[in-house]
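Visitor: One structure follows; several queries about it will come next.
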Amino acid sequence: MFPNNNSSLQIAVLSLTALSLAAVGVNGHMEMIKPCPRYNANGIDCPALPPGETKDYNENAPISSAGKMLQPFCKYPTPWPTPAATWTAGQQISVQFNTWGSPHSGGHCEWSMSYDGGSTFVVIHRVLERCFYDANDGLQTVFNFTLPADLPGSDSAVFAWTWVNAMGNREFYMDCADVAIQGSSPEFTGPQMTVLNYPDYPTIPEFEGNYTTGLSYYENAPSITVYASYSSPSQSQSMSDDPPPLSSSPPALF
């Protein structure tokens, strides 16, 4: 008797399907790649790794999912030994993301800056509702915007991207890049970075086509002030492994 080739074919198809699903799991999310986030294996123009650290090949993973904390804010407490980028207050910058991830029907994105090693973040740019979609509903992976002209100077600022996805598991994404800012202003005041779908913070549901979901948290974010900060070359700023107190009393969702 001849072997059952159909069975062999079915096994091969199932194996390929499993591999495809695994690939989707790896490449299923968006990630910032420039400026290079801490330890990102896919980043552009990344500094050398800190001693004892390894590259992260799963940088596109959320830091929380379904109410469970997966990683602390910024993912890694130890910054790059040197800045991933040097910017000047008032200049236009370009932030790049991977082109192979899923935008999960958009959602709310913020870009923020910290001057105290990541304890507090002030928002400098937002794209709410349909982040990662351009005016023609195409995938947008490059965001160009102008830094505030009164942004203070620092040789050890932390630049953060955060995202609350519109559809899928209730997740919170965050990538952090260490940057230097050239500026003369002593301080800057703006909205505090919004955190949602992370333990001890509010959770919002899937948008289901309602892109105003969760907007009140962003619209009612309290204002905070950050100050210029400089450290000597021998100093390094690091974050606590515990989530920093970014908001003690988040506004109510209307």
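Each chain in the structure tokens gets a letter, A, B and so on, in the order shown; residues start at 1 in every chain, and ligands are counted from 1 in the order they appear.
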Could you list, as a ChimeraX atom specification, every residue within 8 Å of Ile93 (chain A), counting only C-alpha atoms and ignoring same-chain residues fewer than 2 positions away?
Guide: /A:87,91,95,144-147
Visitor: Tell me which protein, DNA and RNA residues are within 12 Å of Ala41 (chain A), counting only C-alpha atoms, leaving out same-chain ones fewer than 3 positions away, and put them as an NGL selection string.
Guide: :A and (31-34 or 36-38 or 44-49 or 53-60 or 98)
Visitor: Just to be explicit: take each residue in the selection above, keep N, CA, C and O atoms, and write the result as a compact mmCIF listing (two decimals), in the first residue's frame.
Guide:
```txt
# COMPACT_ATOMS: atom_id res chain seq x y z
N GLU A 31 6.68 49.36 17.14
CA GLU A 31 7.79 49.72 18.02
C GLU A 31 8.54 50.91 17.45
O GLU A 31 8.66 51.07 16.24
N MET A 32 9.00 51.77 18.32
CA MET A 32 9.84 52.89 17.91
C MET A 32 11.23 52.37 17.60
O MET A 32 11.77 51.55 18.35
N ILE A 33 11.79 52.81 16.48
CA ILE A 33 13.14 52.36 16.12
C ILE A 33 14.13 53.52 15.99
O ILE A 33 15.34 53.30 15.97
N LYS A 34 13.63 54.76 15.89
CA LYS A 34 14.51 55.93 15.86
C LYS A 34 13.79 57.11 16.47
O LYS A 34 12.69 57.43 16.03
N CYS A 36 16.75 55.44 18.86
CA CYS A 36 16.83 54.05 19.28
C CYS A 36 16.45 53.88 20.75
O CYS A 36 17.11 54.42 21.64
N PRO A 37 15.39 53.12 21.03
CA PRO A 37 15.02 52.84 22.42
C PRO A 37 16.07 51.97 23.11
O PRO A 37 16.88 51.30 22.45
N ARG A 38 16.05 51.96 24.40
CA ARG A 38 17.01 51.18 25.17
C ARG A 38 17.05 49.72 24.73
O ARG A 38 16.04 49.03 24.76
N ILE A 44 17.75 52.13 15.00
CA ILE A 44 18.64 52.80 14.05
C ILE A 44 19.59 53.70 14.82
O ILE A 44 19.17 54.46 15.71
N ASP A 45 20.88 53.63 14.50
CA ASP A 45 21.92 54.45 15.12
C ASP A 45 21.91 54.29 16.65
O ASP A 45 21.91 55.28 17.40
N CYS A 46 21.92 53.05 17.10
CA CYS A 46 21.88 52.78 18.54
C CYS A 46 23.25 52.93 19.17
O CYS A 46 24.26 52.56 18.57
N PRO A 47 23.32 53.47 20.39
CA PRO A 47 24.60 53.50 21.11
C PRO A 47 25.03 52.10 21.51
O PRO A 47 24.28 51.12 21.36
N ALA A 48 26.24 52.00 22.05
CA ALA A 48 26.72 50.72 22.56
C ALA A 48 25.92 50.33 23.80
O ALA A 48 25.48 51.19 24.57
N LEU A 49 25.73 49.05 23.97
CA LEU A 49 24.98 48.56 25.13
C LEU A 49 25.73 48.86 26.43
O LEU A 49 26.97 48.85 26.46
N GLU A 53 24.46 44.12 29.60
CA GLU A 53 23.12 44.08 29.04
C GLU A 53 23.13 43.41 27.66
O GLU A 53 24.18 43.31 27.02
N THR A 54 21.97 42.96 27.22
CA THR A 54 21.85 42.30 25.91
C THR A 54 20.76 42.97 25.09
O THR A 54 19.87 43.64 25.64
N LYS A 55 20.81 42.79 23.79
CA LYS A 55 19.82 43.38 22.90
C LYS A 55 18.45 42.74 23.12
O LYS A 55 18.34 41.56 23.41
N ASP A 56 17.43 43.55 22.94
CA ASP A 56 16.05 43.09 23.09
C ASP A 56 15.46 42.89 21.69
O ASP A 56 15.28 43.83 20.94
N TYR A 57 15.16 41.61 21.36
CA TYR A 57 14.58 41.29 20.07
C TYR A 57 13.05 41.26 20.12
O TYR A 57 12.40 40.92 19.15
N ASN A 58 12.48 41.62 21.26
CA ASN A 58 11.03 41.64 21.41
C ASN A 58 10.59 43.01 21.93
O ASN A 58 9.69 43.12 22.75
N GLU A 59 11.24 44.03 21.41
CA GLU A 59 10.97 45.39 21.88
C GLU A 59 9.55 45.85 21.54
O GLU A 59 9.04 46.80 22.13
N ASN A 60 8.90 45.17 20.58
CA ASN A 60 7.56 45.59 20.20
C ASN A 60 6.48 45.07 21.15
O ASN A 60 5.30 45.33 20.94
N ASN A 98 8.61 50.70 13.24
CA ASN A 98 8.75 49.59 12.32
C ASN A 98 7.61 49.61 11.30
O ASN A 98 6.56 50.20 11.52
```
Visitor: Of the candidates A:Val164, A:Met193, A:Ala135, A:Ala84, which shows the shortest atom-to-atom distance to Thr225 (chain A), using only C-alpha atoms?
Guide: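 Once distances to Thr225 (chain A) are computed over only C-alpha atoms, the minimum belongs to A:Met193.
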Visitor: Go through A:Gln92, A:Thr120, A:Lys68, A:Arg126 and flag the residue nearest Asn197 (chain A), using only C-alpha atoms for the distances.
Guide: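 Looking at the shortest contact to Asn197 (chain A), the residue is A:Lys68.
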Visitor: Find the residues around Ser156 (chain A) up to 9 Å (only C-alpha atoms counted), leave out those fewer than 6 positions away in its own chain, and share them as an MDAnalysis selection string.
Guide: chainID A and resid 79 82:83 114:117 178:181 229:231 236:237
Visitor: If you keep C-alpha atoms, can you produce a file of those selected residues as a PDB file, in the first residue's frame?
Guide:
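Final output, result21.pdb:
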```pdb
ATOM      1  CA  PRO A  79      20.046  54.176  30.212  1.00  0.00           C
ATOM      2  CA  THR A  82      25.609  57.896  25.461  1.00  0.00           C
ATOM      3  CA  PRO A  83      22.576  59.685  23.994  1.00  0.00           C
ATOM      4  CA  SER A 114      11.537  63.304  31.349  1.00  0.00           C
ATOM      5  CA  TYR A 115      14.261  65.310  33.065  1.00  0.00           C
ATOM      6  CA  ASP A 116      14.438  63.287  36.290  1.00  0.00           C
ATOM      7  CA  GLY A 117      15.427  59.856  35.010  1.00  0.00           C
ATOM      8  CA  ASP A 178      17.964  58.519  26.060  1.00  0.00           C
ATOM      9  CA  VAL A 179      18.594  61.876  24.377  1.00  0.00           C
ATOM     10  CA  ALA A 180      20.455  65.130  24.891  1.00  0.00           C
ATOM     11  CA  ILE A 181      18.585  68.418  24.524  1.00  0.00           C
ATOM     12  CA  SER A 229      19.125  68.858  34.197  1.00  0.00           C
ATOM     13  CA  TYR A 230      22.760  68.058  33.588  1.00  0.00           C
ATOM     14  CA  SER A 231      24.962  65.306  34.986  1.00  0.00           C
ATOM     15  CA  SER A 236      24.246  57.842  35.216  1.00  0.00           C
ATOM     16  CA  GLN A 237      20.545  58.261  35.803  1.00  0.00           C
TER      17      GLN A 237
END
```
Visitor: In Å, rounded to a single decimal, give me how far CA of Gly101 (chain A) is from CA of Pro72 (chain A).
Guide: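 One can read the CA of Pro72 (chain A) to CA of Gly101 (chain A) distance as 21.9 Å.
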Visitor: Just the residues within 8 Å of Met174 (chain A), please, counting only C-alpha atoms, with nothing from its chain fewer than 4 positions along; format it as a ChimeraX atom specification.
Guide: /A:62-63,73-75,160-163
Visitor: Report the distance between CA of Leu139 (chain A) and CA of Pro103 (chain A) in Å, rounded to one decimal place.
Guide: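 Distance between the two atoms: 7.8 Å.
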Visitor: Could you jot down the CA of Thr212 (chain A) to CA of Gly138 (chain A) separation for me, Å, one decimal place?
Guide: 20.4 Å
Visitor: Out of A:Asn40, A:Thr86, A:Thr203, A:Asn136, which residue has the shortest atom-to-atom distance to Ala157 (chain A) when counting only C-alpha atoms?
Guide: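 So, comparing all the options, the nearest one is A:Thr86.
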Visitor: Among region 103-193 of chain A, which residues does DSSP mark as strand (DSSP E) when it is run on the backbone? Keep the chain and numbering as in the structure and answer as a PyMOL selection string.
Guide: chain A and resi 107-114+122-127+142-146+154-165+171-182+187-191
Visitor: Considering only C-alpha atoms, can you say which of A:Leu196, A:Met167, A:Ala66, A:Leu151 comes closest to Ala228 (chain A)?
Guide: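 The closest residue to Ala228 (chain A) is A:Leu151.
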Visitor: Using only C-alpha atoms, which protein or nucleic acid residues come within 12 Å of region 214-220 of chain A? Drop anything in the same chain fewer than 4 positions from it, and give the result as a PyMOL selection string.
Guide: chain A and resi 107-110+123+125-130+163-166+190-197+201-207+210+247+249-254
Visitor: Mind checking which residues fall within 8 Å of Pro199 (chain A), counting only C-alpha atoms, ignoring those fewer than 4 positions away in the same chain, and posting them as an mmCIF file with all heavy atoms, in the first residue's frame?
Guide:
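Final output, saved to result.cif:
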```cif
data_model
loop_
_atom_site.group_PDB
_atom_site.id
_atom_site.type_symbol
_atom_site.label_atom_id
_atom_site.label_comp_id
_atom_site.auth_asym_id
_atom_site.auth_seq_id
_atom_site.Cartn_x
_atom_site.Cartn_y
_atom_site.Cartn_z
ATOM 1 N N SER A 64 2.256 46.102 29.436
ATOM 2 C CA SER A 64 1.164 45.511 30.216
ATOM 3 C C SER A 64 0.131 44.963 29.246
ATOM 4 O O SER A 64 -0.031 45.466 28.126
ATOM 5 C CB SER A 64 0.514 46.534 31.152
ATOM 6 O OG SER A 64 -0.161 47.528 30.409
ATOM 7 N N GLY A 67 -4.440 43.618 32.106
ATOM 8 C CA GLY A 67 -4.333 43.926 33.524
ATOM 9 C C GLY A 67 -3.081 43.436 34.204
ATOM 10 O O GLY A 67 -2.900 43.645 35.408
ATOM 11 N N LYS A 68 -2.175 42.811 33.458
ATOM 12 C CA LYS A 68 -0.956 42.270 34.044
ATOM 13 C C LYS A 68 0.254 43.096 33.621
ATOM 14 O O LYS A 68 0.437 43.389 32.446
ATOM 15 C CB LYS A 68 -0.756 40.819 33.611
ATOM 16 C CG LYS A 68 0.496 40.171 34.189
ATOM 17 C CD LYS A 68 0.656 38.739 33.712
ATOM 18 C CE LYS A 68 1.926 38.101 34.275
ATOM 19 N NZ LYS A 68 2.094 36.699 33.796
ATOM 20 N N MET A 69 1.081 43.475 34.594
ATOM 21 C CA MET A 69 2.324 44.188 34.297
ATOM 22 C C MET A 69 3.339 43.203 33.721
ATOM 23 O O MET A 69 3.650 42.184 34.323
ATOM 24 C CB MET A 69 2.886 44.833 35.562
ATOM 25 C CG MET A 69 4.263 45.439 35.387
ATOM 26 S SD MET A 69 4.887 46.134 36.942
ATOM 27 C CE MET A 69 6.629 46.290 36.565
#
```
Visitor: Restricting the calculation to only C-alpha atoms: of A:Tyr198, A:Thr99, A:Met113, A:Thr213, which residue gets closest to Tyr173 (chain A)?
Guide: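 Between A:Tyr198, A:Thr99, A:Met113, A:Thr213, the residue approaching Tyr173 (chain A) most closely is A:Tyr198.
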Visitor: In terms of the shortest atom-to-atom distance over only C-alpha atoms, which of A:Pro77, A:Ser94, A:Phe121, A:Ser102 is closest to Ala221 (chain A)?
Guide: A:Phe121
